[in-house]
Structures are given as C-alpha cells and as structure tokens.
$ cat model04.cif   # mmCIF, C-alpha atoms
data_entry
#
loop_
_atom_site.label_atom_id
_atom_site.label_comp_id
_atom_site.auth_asym_id
_atom_site.auth_seq_id
_atom_site.Cartn_x
_atom_site.Cartn_y
_atom_site.Cartn_z
CA MET N 1 91.40 126.29 100.93
CA ASN N 2 93.33 128.71 98.71
CA THR N 3 91.87 127.84 95.29
CA ALA N 4 93.94 130.51 93.53
CA ARG N 5 97.13 128.93 94.85
CA ILE N 6 96.00 125.49 93.70
CA ARG N 7 95.16 126.79 90.21
CA ASN N 8 98.57 128.44 89.99
CA GLY N 9 100.22 125.22 91.08
CA LEU N 10 98.38 123.25 88.41
CA ARG N 11 99.52 125.73 85.74
CA GLU N 12 103.16 125.73 86.79
CA MET N 13 103.83 122.11 87.72
CA GLY N 14 105.83 119.91 85.38
CA PRO N 15 109.05 118.19 86.59
CA GLY N 16 107.14 115.84 88.88
CA TRP N 17 104.96 114.79 85.96
CA VAL N 18 108.07 113.91 83.95
CA ALA N 19 109.09 111.60 86.79
CA GLY N 20 105.56 110.26 87.08
CA ALA N 21 105.39 109.50 83.35
CA ILE N 22 108.63 107.51 83.55
CA ALA N 23 107.43 105.70 86.69
CA ALA N 24 104.14 104.78 84.99
CA GLY N 25 106.01 102.82 82.35
CA PRO N 26 105.87 99.24 81.07
CA ALA N 27 108.23 98.00 83.80
CA THR N 28 105.79 99.11 86.50
CA ILE N 29 102.94 97.40 84.66
CA GLY N 30 105.09 94.27 84.38
CA SER N 31 105.91 94.31 88.09
CA LEU N 32 102.23 94.72 88.99
CA VAL N 33 101.29 91.80 86.72
CA ALA N 34 103.98 89.61 88.31
CA ALA N 35 103.02 90.61 91.86
CA ALA N 36 99.29 90.07 91.29
CA ALA N 37 99.68 86.79 89.38
CA GLY N 38 102.13 85.32 91.85
CA PHE N 39 100.74 86.52 95.17
CA GLY N 40 97.22 87.85 94.67
CA TYR N 41 96.32 90.58 97.15
CA ASP N 42 99.20 89.66 99.49
CA LEU N 43 101.44 92.43 98.15
CA LEU N 44 98.80 95.18 98.21
CA TRP N 45 100.69 96.79 101.10
CA VAL N 46 103.78 97.46 98.98
CA VAL N 47 101.67 98.80 96.11
CA LEU N 48 100.01 101.24 98.52
CA LEU N 49 103.40 102.17 99.98
CA SER N 50 105.13 102.70 96.62
CA ALA N 51 103.47 106.03 95.73
CA PRO N 52 104.20 107.74 99.10
CA ALA N 53 107.73 106.35 98.95
CA GLY N 54 108.17 107.74 95.44
CA PHE N 55 106.78 111.08 96.58
CA LEU N 56 109.29 111.22 99.44
CA ALA N 57 112.17 110.38 97.08
CA LEU N 58 111.14 113.23 94.77
CA LEU N 59 110.79 115.50 97.79
CA LEU N 60 114.40 114.85 98.80
CA ALA N 61 115.58 115.42 95.22
CA ALA N 62 113.47 118.59 95.04
CA HIS N 63 115.03 119.96 98.20
CA LEU N 64 118.50 119.33 96.80
CA GLY N 65 117.69 120.67 93.34
CA THR N 66 115.91 123.85 94.41
CA ARG N 67 118.43 124.70 97.14
CA THR N 68 121.51 124.18 94.96
CA GLU N 69 119.85 125.22 91.66
CA ARG N 70 122.14 122.68 89.96
CA GLY N 71 122.04 119.10 88.73
CA ILE N 72 123.10 116.39 91.15
CA VAL N 73 126.32 115.33 89.38
CA ALA N 74 127.89 118.79 89.55
CA THR N 75 126.89 119.09 93.21
CA VAL N 76 128.41 115.71 94.05
CA GLU N 77 131.65 116.58 92.27
CA ASP N 78 132.00 119.88 94.11
CA HIS N 79 131.21 118.56 97.58
CA LEU N 80 132.27 114.92 97.51
CA GLY N 81 134.82 114.70 94.73
CA GLU N 82 135.21 113.42 91.20
CA GLY N 83 135.37 109.74 92.17
CA TRP N 84 131.99 109.83 93.90
CA ALA N 85 130.51 111.72 90.94
CA TRP N 86 131.72 109.08 88.48
CA LEU N 87 130.38 106.29 90.71
CA LEU N 88 126.94 107.92 90.77
CA VAL N 89 127.03 108.35 86.99
CA ALA N 90 128.08 104.71 86.52
CA ASP N 91 125.30 103.51 88.83
CA ALA N 92 122.63 105.50 87.00
CA VAL N 93 123.93 104.62 83.53
CA ILE N 94 124.07 100.87 84.24
CA VAL N 95 120.55 100.84 85.68
CA SER N 96 119.08 102.98 82.92
CA MET N 97 120.76 100.97 80.14
CA VAL N 98 119.43 97.68 81.50
CA ALA N 99 115.98 99.27 81.54
CA GLN N 100 116.55 100.66 78.04
CA LEU N 101 117.32 97.23 76.59
CA LEU N 102 114.43 95.47 78.26
CA ILE N 103 111.89 98.18 77.46
CA MET N 104 113.04 98.01 73.83
CA LYS N 105 112.57 94.24 74.00
CA THR N 106 108.99 94.86 75.15
CA LEU N 107 108.30 97.45 72.48
CA ALA N 108 109.72 95.27 69.70
CA ASP N 109 107.82 92.15 70.81
CA ILE N 110 104.49 93.98 71.03
CA SER N 111 105.05 95.73 67.69
CA SER N 112 105.71 92.32 66.13
CA THR N 113 102.56 90.84 67.69
CA LEU N 114 100.31 93.73 66.66
CA LEU N 115 101.77 94.64 63.28
CA GLY N 116 103.75 91.64 62.07
CA LEU N 117 107.43 91.48 61.03
CA ASP N 118 110.20 90.05 63.17
CA ALA N 119 110.72 91.66 66.57
CA ARG N 120 114.40 92.22 65.77
CA VAL N 121 113.40 94.30 62.76
CA TRP N 122 111.18 96.39 64.99
CA GLY N 123 114.06 96.86 67.40
CA VAL N 124 116.12 98.48 64.66
CA VAL N 125 113.14 100.54 63.45
CA TRP N 126 112.37 101.90 66.91
CA ALA N 127 116.05 102.63 67.55
CA LEU N 128 116.16 104.74 64.40
CA VAL N 129 112.94 106.50 65.47
CA LEU N 130 114.67 107.36 68.74
CA VAL N 131 117.77 108.66 66.97
CA VAL N 132 115.86 110.87 64.55
CA GLY N 133 113.24 111.97 67.05
CA LEU N 134 115.40 112.74 70.07
CA ALA N 135 118.42 114.12 68.23
CA GLY N 136 116.14 116.21 66.03
CA GLY N 137 113.63 117.14 68.72
CA GLY N 138 110.66 115.53 67.00
CA TYR N 139 110.01 112.68 69.42
CA ARG N 140 107.71 114.86 71.50
CA VAL N 141 104.76 114.11 69.20
CA ALA N 142 105.18 110.36 69.72
CA GLU N 143 105.45 110.84 73.49
CA VAL N 144 102.27 112.92 73.69
CA GLY N 145 100.36 110.35 71.66
CA ALA N 146 101.72 107.54 73.82
CA LYS N 147 100.64 109.31 77.01
CA VAL N 148 97.11 109.68 75.62
CA ILE N 149 97.02 105.93 74.92
CA VAL N 150 98.28 105.05 78.40
CA SER N 151 95.73 107.38 79.99
CA ALA N 152 92.95 105.69 78.03
CA VAL N 153 94.06 102.23 79.17
CA VAL N 154 94.21 103.38 82.81
CA LEU N 155 90.62 104.61 82.45
CA VAL N 156 89.66 101.14 81.24
CA PHE N 157 91.28 99.64 84.36
CA LEU N 158 89.32 102.08 86.53
CA ALA N 159 86.11 101.20 84.70
CA THR N 160 86.86 97.51 85.22
CA LEU N 161 87.37 98.18 88.92
CA VAL N 162 83.86 99.68 89.05
CA VAL N 163 82.25 96.91 87.01
CA VAL N 164 84.05 94.11 88.89
CA PRO N 165 84.83 95.43 92.39
CA PRO N 166 87.64 93.73 94.30
CA ASP N 167 87.00 91.26 97.09
CA LEU N 168 87.35 93.70 99.98
CA GLY N 169 87.82 90.96 102.55
CA ALA N 170 90.64 89.36 100.58
CA ALA N 171 92.17 92.73 99.74
CA ALA N 172 92.20 93.69 103.43
CA THR N 173 94.52 90.78 104.18
CA GLY N 174 97.04 92.38 101.83
CA LEU N 175 97.22 95.52 103.96
CA VAL N 176 99.39 93.70 106.50
CA PRO N 177 103.05 93.81 105.41
CA ALA N 178 104.21 90.29 104.61
CA SER N 179 106.80 88.64 102.40
CA PRO N 180 105.44 85.34 101.08
CA PRO N 181 108.09 82.81 99.99
CA GLY N 182 109.55 83.84 96.65
CA SER N 183 108.17 87.38 96.76
CA ALA N 184 111.46 89.30 97.23
CA ASP N 185 111.85 90.21 93.56
CA ALA N 186 108.17 91.15 93.22
CA ILE N 187 108.42 93.48 96.22
CA ALA N 188 111.63 95.01 94.88
CA GLY N 189 110.05 95.49 91.46
CA VAL N 190 106.88 97.18 92.72
CA LEU N 191 108.85 99.50 95.00
CA GLY N 192 111.44 100.15 92.28
CA GLY N 193 108.77 101.46 89.93
CA ALA N 194 108.37 104.53 92.17
CA VAL N 195 111.68 104.83 94.03
CA HIS N 196 114.33 104.68 91.33
CA ILE N 197 117.77 106.18 90.81
CA THR N 198 116.76 107.50 87.39
CA LEU N 199 113.85 109.46 88.86
CA ILE N 200 115.94 110.81 91.73
CA THR N 201 118.84 112.02 89.60
CA MET N 202 116.83 113.40 86.69
CA HIS N 203 114.42 115.26 88.98
CA THR N 204 117.20 117.67 89.98
CA TYR N 205 117.83 118.44 86.29
CA THR N 206 114.21 118.89 85.23
CA MET N 207 113.67 121.42 88.02
CA HIS N 208 116.86 123.21 87.03
CA ALA N 209 115.64 123.30 83.42
CA ARG N 210 112.42 124.99 84.62
CA GLY N 211 114.48 127.56 86.54
CA TRP N 212 113.06 126.53 89.91
CA GLY N 213 115.01 127.82 92.91
CA SER N 214 114.61 127.98 96.69
CA GLU N 215 111.48 130.11 96.41
CA ASP N 216 109.83 127.38 94.31
CA TYR N 217 110.22 124.55 96.82
CA ASP N 218 106.54 124.65 97.83
CA LEU N 219 105.60 124.41 94.17
CA ALA N 220 107.96 121.43 93.80
CA VAL N 221 106.22 119.72 96.74
CA PHE N 222 102.79 120.32 95.19
CA ASP N 223 104.09 119.11 91.82
CA ALA N 224 105.49 115.88 93.26
CA GLY N 225 102.38 115.28 95.34
CA ALA N 226 99.98 115.71 92.43
CA SER N 227 102.03 113.54 90.06
CA MET N 228 103.53 110.77 92.18
CA LEU N 229 101.37 110.63 95.29
CA ALA N 230 98.03 111.13 93.53
CA ALA N 231 98.24 110.24 89.82
CA PHE N 232 100.81 107.43 90.06
CA GLY N 233 99.12 106.13 93.21
CA VAL N 234 95.75 105.81 91.45
CA TYR N 235 97.46 104.29 88.40
CA SER N 236 99.29 101.53 90.28
CA ILE N 237 96.53 100.71 92.78
CA ALA N 238 93.84 100.45 90.09
CA ILE N 239 95.92 98.16 87.89
CA PHE N 240 96.98 95.95 90.79
CA LEU N 241 93.48 95.54 92.25
CA VAL N 242 92.02 94.58 88.88
CA LEU N 243 94.81 92.07 88.20
CA ALA N 244 94.86 90.60 91.70
CA GLY N 245 91.10 90.06 91.58
CA ALA N 246 91.21 88.46 88.15
CA ILE N 247 94.35 86.30 88.12
CA GLY N 248 95.60 86.27 91.71
CA GLY N 249 95.86 82.87 93.36
CA GLN N 250 95.16 80.98 90.12
CA ASN N 251 98.74 79.85 89.59
CA VAL N 252 98.88 81.46 86.14
CA ALA N 253 102.07 82.62 84.45
CA PRO N 254 102.56 86.41 84.42
CA THR N 255 101.93 86.91 80.71
CA ALA N 256 100.30 89.70 78.74
CA ALA N 257 97.44 87.38 77.74
CA ALA N 258 96.69 86.49 81.36
CA ALA N 259 96.76 90.13 82.40
CA ALA N 260 94.60 91.20 79.47
CA GLY N 261 91.92 88.73 80.56
CA ALA N 262 91.26 90.99 83.55
CA LEU N 263 89.93 93.67 81.18
CA GLU N 264 87.41 91.45 79.40
CA PRO N 265 84.43 92.60 81.51
CA VAL N 266 84.82 96.06 79.95
CA ALA N 267 86.86 95.52 76.76
CA GLY N 268 85.47 92.15 75.69
CA GLY N 269 87.29 90.51 72.79
CA ALA N 270 89.52 93.55 72.36
CA ALA N 271 91.08 93.09 75.82
CA VAL N 272 94.36 91.57 74.65
CA THR N 273 94.87 94.15 71.91
CA LEU N 274 93.98 96.98 74.27
CA PHE N 275 96.38 95.78 76.96
CA LEU N 276 99.22 95.36 74.46
CA VAL N 277 98.56 98.79 72.97
CA GLY N 278 98.65 100.25 76.48
CA ILE N 279 102.04 98.69 77.24
CA LEU N 280 103.29 99.81 73.82
CA GLY N 281 102.24 103.37 74.60
CA ALA N 282 103.92 103.20 78.00
CA ALA N 283 107.09 101.84 76.39
CA VAL N 284 107.23 104.60 73.76
CA SER N 285 106.68 107.27 76.41
CA THR N 286 109.25 105.84 78.82
CA LEU N 287 111.91 105.21 76.18
CA GLY N 288 111.84 108.88 75.25
CA GLY N 289 112.76 109.91 78.80
CA ASN N 290 115.06 106.99 79.55
CA THR N 291 117.18 107.32 76.40
CA VAL N 292 118.44 110.77 77.41
CA VAL N 293 119.42 109.74 80.96
CA PRO N 294 122.87 108.21 80.22
CA PRO N 295 123.86 110.96 77.73
CA PHE N 296 122.66 113.69 80.07
CA LEU N 297 124.59 112.44 83.10
CA VAL N 298 127.77 111.66 81.15
CA ALA N 299 127.68 115.01 79.34
CA ASP N 300 127.12 116.85 82.61
CA LYS N 301 130.04 115.07 84.22
CA LEU N 302 132.32 115.88 81.28
CA GLY N 303 131.22 119.52 81.22
CA TRP N 304 129.59 119.25 77.79
CA GLY N 305 126.36 120.92 76.77
CA THR N 306 123.19 119.03 77.60
CA THR N 307 121.10 120.16 74.63
CA VAL N 308 121.08 118.90 71.05
CA GLU N 309 122.95 122.07 70.03
CA ASP N 310 126.09 120.39 71.39
CA THR N 311 127.06 117.77 68.78
CA ARG N 312 128.83 115.65 71.42
CA TYR N 313 125.63 115.35 73.45
CA ARG N 314 123.63 114.64 70.29
CA ALA N 315 126.12 111.89 69.41
CA LEU N 316 125.69 110.32 72.87
CA ILE N 317 121.92 110.25 72.35
CA ALA N 318 122.35 108.60 68.95
CA VAL N 319 124.70 105.95 70.33
CA THR N 320 122.40 105.19 73.28
CA ALA N 321 119.40 104.89 70.96
CA LEU N 322 121.22 102.61 68.53
CA VAL N 323 122.58 100.37 71.29
CA SER N 324 119.04 99.92 72.60
CA ALA N 325 118.19 97.97 69.43
CA ALA N 326 120.09 95.06 70.97
CA GLY N 327 117.22 94.65 73.42
CA ALA N 328 115.08 93.19 70.63
CA PHE N 329 117.49 90.24 70.45
CA VAL N 330 116.93 89.27 74.10
CA GLY N 331 114.87 86.10 74.46
CA GLY N 332 112.08 85.31 76.90
CA ASN N 333 108.75 86.64 78.17
CA PHE N 334 109.00 90.41 78.46
CA ILE N 335 106.95 90.76 81.67
CA PRO N 336 109.41 88.87 83.96
CA LEU N 337 112.24 90.72 82.21
CA LEU N 338 110.62 94.09 82.96
CA LEU N 339 110.37 93.02 86.60
CA GLN N 340 114.11 92.23 86.62
CA ALA N 341 114.86 95.69 85.21
CA LEU N 342 113.15 97.25 88.23
CA VAL N 343 114.85 94.85 90.63
CA ILE N 344 118.24 96.02 89.32
CA GLY N 345 117.03 99.60 89.62
CA THR N 346 116.11 98.97 93.26
CA VAL N 347 119.62 97.61 93.89
CA GLY N 348 121.12 100.80 92.45
CA THR N 349 118.84 103.20 94.34
CA PRO N 350 120.09 103.09 97.99
CA PHE N 351 123.44 104.59 96.95
CA ALA N 352 121.66 107.49 95.21
CA LEU N 353 119.46 108.07 98.26
CA ALA N 354 122.54 108.03 100.49
CA ILE N 355 124.21 110.62 98.24
CA VAL N 356 121.17 112.91 98.42
CA LEU N 357 120.86 112.58 102.21
CA TYR N 358 124.58 113.26 102.60
CA LEU N 359 124.43 116.42 100.49
CA LEU N 360 121.29 117.68 102.23
CA HIS N 361 123.21 117.65 105.50
CA SER N 362 126.41 119.19 104.20
CA ASP N 363 127.45 122.68 103.17
CA ALA N 364 126.05 121.93 99.69
CA VAL N 365 122.70 123.40 100.74
CA PRO N 366 122.14 126.62 102.69
CA THR N 367 118.92 125.30 104.30
CA ARG N 368 118.63 121.82 105.74
CA PRO N 369 115.41 119.81 105.41
CA SER N 370 113.17 119.55 108.45
CA ARG N 371 113.73 116.79 110.99
CA SER N 372 110.55 115.07 109.85
CA VAL N 373 111.69 115.00 106.21
CA THR N 374 115.16 113.84 107.26
CA GLY N 375 113.72 111.11 109.47
CA ALA N 376 111.38 109.95 106.73
CA GLY N 377 114.29 109.98 104.25
CA VAL N 378 116.41 107.81 106.54
CA LEU N 379 113.51 105.36 106.95
CA LEU N 380 113.05 105.28 103.17
CA PHE N 381 116.76 104.60 102.68
CA ALA N 382 116.62 101.78 105.25
CA PHE N 383 113.52 100.22 103.70
CA VAL N 384 114.79 100.36 100.11
CA SER N 385 118.16 98.97 101.26
CA TYR N 386 116.44 96.07 103.03
CA VAL N 387 114.25 95.27 100.02
CA ALA N 388 117.27 95.39 97.69
CA ALA N 389 119.39 93.26 100.03
CA ASP N 390 116.62 90.66 100.37
CA SER N 391 116.36 90.37 96.58
CA VAL N 392 120.14 90.12 96.12
CA TYR N 393 120.36 87.56 98.93
CA GLY N 394 117.86 85.35 97.13
CA THR N 395 119.81 85.67 93.88
CA ALA N 396 123.10 84.85 95.62
CA ARG N 397 121.56 81.81 97.32
CA GLY N 398 120.34 80.59 93.95
CA LEU N 399 123.85 80.90 92.51
CA LEU N 400 125.40 79.03 95.45
CA ALA N 401 122.80 76.27 95.29
CA ALA N 402 123.03 75.84 91.51
CA GLU N 403 123.67 72.34 90.24
CA GLY N 404 127.30 72.01 89.26
CA GLY N 405 128.53 74.52 91.82
CA VAL N 406 129.30 78.21 91.77
CA GLY N 407 131.61 77.94 88.76
CA THR N 408 128.85 76.53 86.59
CA ALA N 409 126.41 79.11 87.90
CA LEU N 410 128.76 81.91 86.93
CA LEU N 411 128.81 80.62 83.35
CA THR N 412 125.12 79.79 83.03
CA SER N 413 123.75 82.84 84.90
CA PRO N 414 126.00 85.78 84.00
CA ALA N 415 123.21 88.36 84.50
CA ALA N 416 122.52 87.13 88.04
CA THR N 417 126.23 87.09 88.79
CA LEU N 418 126.70 90.64 87.56
CA SER N 419 123.73 91.85 89.59
CA VAL N 420 125.26 90.41 92.77
CA VAL N 421 128.64 91.99 91.99
CA PHE N 422 126.91 95.30 91.19
CA ALA N 423 125.09 95.18 94.52
CA ALA N 424 128.27 94.36 96.44
CA VAL N 425 130.19 97.28 94.93
CA LEU N 426 127.41 99.73 95.70
CA ALA N 427 126.98 98.37 99.22
CA VAL N 428 130.66 98.96 99.95
CA ALA N 429 130.43 102.46 98.46
CA THR N 430 127.33 103.27 100.54
CA VAL N 431 129.00 102.11 103.76
CA GLY N 432 132.08 104.17 102.84
CA LEU N 433 129.89 107.22 102.26
CA GLY N 434 128.26 106.75 105.64
CA ALA N 435 131.65 106.50 107.33
CA LYS N 436 132.81 109.64 105.52
CA PHE N 437 129.74 111.52 106.73
CA LEU N 438 130.23 110.46 110.35
CA LEU N 439 133.91 111.35 110.29
CA GLN N 440 133.21 114.79 108.90
CA ARG N 441 130.47 115.37 111.47
CA GLY N 442 132.91 114.48 114.21
CA ASP N 443 130.69 111.66 115.48
CA VAL N 444 133.52 109.21 114.95
CA PRO N 445 136.89 110.29 116.40
CA ALA N 446 139.83 110.24 114.05
CA ALA N 447 142.61 107.77 114.81
CA GLU N 448 145.46 109.01 116.97
CA PRO N 449 148.75 109.46 115.06
CA ALA N 450 151.35 106.79 115.71
CA ASP N 451 154.23 107.70 118.02
#

$ encode --input "model04.cif" --output "structure tokens"
Amino acid sequence: MNTARIRNGLREMGPGWVAGAIAAGPATIGSLVAAAAGFGYDLLWVVLLSAPAGFLALLLAAHLGTRTERGIVATVEDHLGEGWAWLLVADAVIVSMVAQLLIMKTLADISSTLLGLDARVWGVVWALVLVVGLAGGGYRVAEVGAKVIVSAVVLVFLATLVVVPPDLGAAATGLVPASPPGSADAIAGVLGGAVHITLITMHTYTMHARGWGSEDYDLAVFDAGASMLAAFGVYSIAIFLVLAGAIGGQNVAPTAAAAAGALEPVAGGAAVTLFLVGILGAAVSTLGGNTVVPPFLVADKLGWGTTVEDTRYRALIAVTALVSAAGAFVGGNFIPLLLQALVIGTVGTPFALAIVLYLLHSDAVPTRPSRSVTGAGVLLFAFVSYVAADSVYGTARGLLAAEGGVGTALLTSPAATLSVVFAAVLAVATVGLGAKFLLQRGDVPAAEPAD
C-alpha cells in the first residue's frame, strides 16, 4: 500500500466532501426515518446500495469535469445546444428550489421548537442570515459549526449501534431487494439522498474551482470514494440500523420524537433535543450549499460571473435566499416533506445522468470512460429511472383514484399534479436525448428523403 499517496490524497481532496456534506443533509435523515419507521429492516438493501450508487454518480461527473475542465452547463451548450442547456438548468433549479423551501421549513420549525418564537419569524431570520452570509462570504463559519454538530450526532448514532446492536437475523432479511406495498417513495427518497441532480451538476463546478484537470482524475476518484462511498455510507447505514431497530415494525408515525427515542440508550432525556439539534445542524450546512445552486447554474448559462464580485450573481443569491423564507409558511410534519423533496430530486436525476452519459461518449471529452464505468453508469441510469417511474406511477394512480375524479384531484393536490407533469416532461426529453445519441452514432438509419 502506497501510504504517501494516500496521505497526499487526504490533503488534496475536497470536492467530493462538498457533495457528501450536501448528501448528508436533513432530507437524507428524513428519508431514513421514514424508511425505518414504515418498513423496518426491509429497505436495508437500498440504504446499502445508495452510497455506491452516489459514488458512481460522482465518478461519472468527475470524468466529465476533469476531462473538459469546465462546468456542465457550458459543456452541454457547446455540444448539445442552448435548448438542452436551459432544460438542464430548469431541471436542477426546480429540484433545488423545492429542496430549499422544505429544508427552510425544517430549519424554521426546529428553531421554533428549541428557541421559541413563531416558525415563520425564524424563516425570515434564517433567510436574512443566508443573504448576509452568502453574499458577504461570512456563512462559512456557520457551515463549519453545523458540520461539527452533525458529526457529533453521527457519533452518538454509532455509539447507540454499539450499545444496542441490531437484530442481525432481522437485518439480514433486508439484504434481499424487495419493494413492500407503499414503499416506492421511501425507496426513491433513500436513493435520492445520494444520487441527486444537484450533486451531479455541482460536482463538475467544484472540481473546476479546485483547478482539477485530466491528470487529477485518480485524485477525484479517491476523493469521491472517501467522501461518498466511505463517510456517507457509514453515516446512512448507522442511522438507518439504529432507527430500524428502535421504531421499525411498530406502526409509529415518522416524527422527530419517534426517531429521537432511538437515541435514548446513549443520550437519555436529552435524546429529543440532541436529534433536533443534529437535524438543525444538517439543515444549516445543506442550505449553505443548496442556496448557491440555482444562482450558479443560471449565472453560468447567462455568461455572468459566478463569484460575489459580480453584482448580478450576488443579487441572484440574495433573491434565492429571500424566497426560501416562504418555506417556513408550509404546513405539515417536516420529515415526510423532506422525503418528498428527495422523491422530486430522484425524478429530476435520470435526465441529468443521461446528459452526462451522452457527453462522455461524444466529442466533448478526449478520453472515454472505461467499458466497466460506462456499463455501471447505464445500469445506474436504468435503476434510478425505474425507481423514479415507480414513485411517479404511484402518485399518478392516486390522482386518478381520488374521490371526485381527476379534476378534483388537480385542485386539491397541485403539488402531486406538478410532480407528475414534471416527470412526464423530463421523460420525453430523456427519450429524445437517447434518440439523438443513436442517430448521431449511426445506430439508427436516417429516413430516406421523399421522392
């Protein structure tokens, strides 16, 4: 083993940890709570699969980013055209803004519970913190502190796993892939925590910001492996096993109080506060990264600067941060809402994966990925597409079966309706992209001209 090479990799890595920090956010915690509470150990297989799947997604993005040494939007515009670039931007912005609102809802609710005041007041306060911090560059302190808090809570989960080991026999049954009735959204949410359009698109930019090129691809692989495959894998598996052992199969609602009860063997009476503080830390950390996603992609597409020195980019950050305050006015339990944010993210991800795979096998990159990476990427695309389609199918069936007919469902469930429409548009675009690729490869003959 080359220890010097490993030490160098540990010193230089970074972009993968940005992705890992966003993945290890409150939405992932919410999806793990929902999966464990609703299905016990039955969904352990998808939790175990999520980290390798996330690693593979980052690997594909790393290959594209290091080989082109550009962000994904500019590459798409040059090699596919402006329309495809705008569609990718729209996809990422819609997904990230839904997440932004629901993470702000979570942050505001927990702040209200822990510190008092109305949650809507906290929504405005945190939005202003985002504006001042991100536009002025001072949010980094809050992010570092939040990451320390999240790390401490993960250690408590690991300690709980040691004190109260899981039922290995019951956990083993969850190693067999299965989809219990009603589990489509839970599966989509768990997978979406690691394989997400935001992570895929932003990973090309964070590597570009570090100046990583073709010669740094091996470092990018090490970086993604250490962050997503190892750190995120331990994070998600530990949380899920503790929750599944404590609340799985008990027919309890997926609430923060129920989840916090799993930590009582180690945290005692402070379990609820500790769990809420952990989610708050994850929300603060994730909001910092998520807030800049829509401004970054839009600014890149418009050819603006992507640093706060450009006043137009700074204005986009301010607007995004202020709009996120509206999340505090959303009603309901934040854990199911966080799950829905990841479900929508999963719906938006197959198109992004298709874009990356297309570019990796075009003249956009001088060196194609290996056949094994390509094959694994195609399998990942197929799996994520199936999971997303299964979730959308369930939503569509619910709308069709709603009392009062489809018309009533459209009025009473606008969010579900929009998610189905969103999925349909992206599905058509993805099929069109596949047809475009085949035509350009010559695998599908062009139509003969009419006489």

$ closest_residue --input "model04.cif" --among "N:Val164, N:Ala57, N:Val154, N:Ile335" --to "Val266 (chain N)" --atoms "only C-alpha atoms"
N:Val164

$ resolve_selection --input "model04.cif" --expression "the PyMOL selection byres ((chain N and resi 51) around 7)" --output "VMD selection string"
chain N and resid 48 to 50 52 to 55 194 228 to 229 232 to 233

$ residues_around --input "model04.cif" --residues "Ser183 (chain N)" --least-positions-apart "5" --cutoff "10 Å" --atoms "only C-alpha atoms" --output "number ranges by chain"
N: 34-35, 38-39, 42-43, 178, 188-189, 390-391, 394

$ write_last_selection --input "model04.cif" --atoms "C-alpha atoms" --output "JSON list (two decimals), keeping the file's coordinate frame"
[["chain", "number", "residue", "atom", "x", "y", "z"],
["N", 34, "ALA", "CA", 103.98, 89.61, 88.31],
["N", 35, "ALA", "CA", 103.02, 90.61, 91.86],
["N", 38, "GLY", "CA", 102.13, 85.32, 91.85],
["N", 39, "PHE", "CA", 100.74, 86.52, 95.17],
["N", 42, "ASP", "CA", 99.20, 89.66, 99.49],
["N", 43, "LEU", "CA", 101.44, 92.43, 98.15],
["N", 178, "ALA", "CA", 104.21, 90.29, 104.61],
["N", 188, "ALA", "CA", 111.63, 95.01, 94.88],
["N", 189, "GLY", "CA", 110.05, 95.49, 91.46],
["N", 390, "ASP", "CA", 116.62, 90.66, 100.37],
["N", 391, "SER", "CA", 116.36, 90.37, 96.58],
["N", 394, "GLY", "CA", 117.86, 85.35, 97.13]]

$ atom_distance --input "model04.cif" --atom1 "CA of Thr286 (chain N)" --atom2 "CA of Trp17 (chain N)"
12.2 Å

$ closest_residue --input "model04.cif" --among "N:Thr349, N:Ser362, N:Thr273, N:Gln250" --to "His79 (chain N)" --atoms "all atoms listed in the file"
N:Ser362

$ atom_distance --input "model04.cif" --atom1 "CA of Ile317 (chain N)" --atom2 "CA of Pro295 (chain N)"
5.8 Å

$ closest_atom_pairs --input "model04.cif" --of "region 213-294 of chain N" --to "region 58-65 of chain N" --cutoff "12 Å" --atoms "all atoms listed in the file" --output "tab-separated table"
residue	atom	partner	partner_atom	distance
N:Gly213	CA	N:Gly65	CA	7.6
N:Ser214	CA	N:His63	CA	8.2
N:Glu215	CA	N:His63	CA	10.9
N:Asp216	CA	N:Ala62	CA	9.5
N:Tyr217	CA	N:His63	CA	6.8
N:Asp218	CA	N:Ala62	CA	9.6
N:Leu219	CA	N:Ala62	CA	9.8
N:Ala220	CA	N:Ala62	CA	6.3
N:Val221	CA	N:Leu59	CA	6.3
N:Phe222	CA	N:Leu59	CA	9.7
N:Asp223	CA	N:Leu58	CA	9.6
N:Ala224	CA	N:Leu58	CA	6.4
N:Gly225	CA	N:Leu59	CA	8.8
N:Ala226	CA	N:Leu58	CA	11.7
N:Ser227	CA	N:Leu58	CA	10.3
N:Met228	CA	N:Leu58	CA	8.4
N:Leu229	CA	N:Leu58	CA	10.1

$ closest_residue --input "model04.cif" --among "N:Leu128, N:Leu287, N:Ala415, N:Ala259" --to "Ala244 (chain N)" --atoms "only C-alpha atoms"
N:Ala259

$ resolve_selection --input "model04.cif" --expression "the PyMOL selection byres ((chain N and resi 73) around 9)" --output "compact mmCIF listing (two decimals) with C-alpha atoms, in the frame of the given file"
# COMPACT_ATOMS: atom_id res chain seq x y z
CA ARG N 70 122.14 122.68 89.96
CA GLY N 71 122.04 119.10 88.73
CA ILE N 72 123.10 116.39 91.15
CA ALA N 74 127.89 118.79 89.55
CA THR N 75 126.89 119.09 93.21
CA VAL N 76 128.41 115.71 94.05
CA GLU N 77 131.65 116.58 92.27
CA ASP N 78 132.00 119.88 94.11
CA ALA N 85 130.51 111.72 90.94
CA TRP N 86 131.72 109.08 88.48
CA LEU N 88 126.94 107.92 90.77
CA VAL N 89 127.03 108.35 86.99
CA THR N 201 118.84 112.02 89.60
CA LEU N 297 124.59 112.44 83.10
CA ASP N 300 127.12 116.85 82.61
CA LYS N 301 130.04 115.07 84.22

$ residues_around --input "model04.cif" --residues "Val163 (chain N)" --least-positions-apart "2" --cutoff "8 Å" --atoms "all atoms listed in the file" --output "PDB file with C-alpha atoms, in the frame of the given file"
ATOM      1  CA  ALA N 159      86.110 101.200  84.700  1.00  0.00           C
ATOM      2  CA  THR N 160      86.860  97.510  85.220  1.00  0.00           C
ATOM      3  CA  LEU N 161      87.370  98.180  88.920  1.00  0.00           C
ATOM      4  CA  PRO N 165      84.830  95.430  92.390  1.00  0.00           C
ATOM      5  CA  PRO N 265      84.430  92.600  81.510  1.00  0.00           C
ATOM      6  CA  VAL N 266      84.820  96.060  79.950  1.00  0.00           C
TER       7      VAL N 266
END

$ atom_distance --input "model04.cif" --atom1 "CA of Ile149 (chain N)" --atom2 "CA of Gly281 (chain N)"
5.8 Å

$ resolve_selection --input "model04.cif" --expression "the PyMOL selection byres ((chain N and resi 312) around 12)" --output "VMD selection string"
chain N and resid 135 295 to 296 298 to 300 302 to 311 313 to 319

$ closest_residue --input "model04.cif" --among "N:Ala376, N:Ala354, N:Val98, N:Val150" --to "Val323 (chain N)" --atoms "only C-alpha atoms"
N:Val98

$ residues_around --input "model04.cif" --residues "Asp167 (chain N)" --least-positions-apart "5" --cutoff "10 Å" --atoms "all atoms listed in the file" --output "ChimeraX atom specification"
/N:41,172,241,244-245
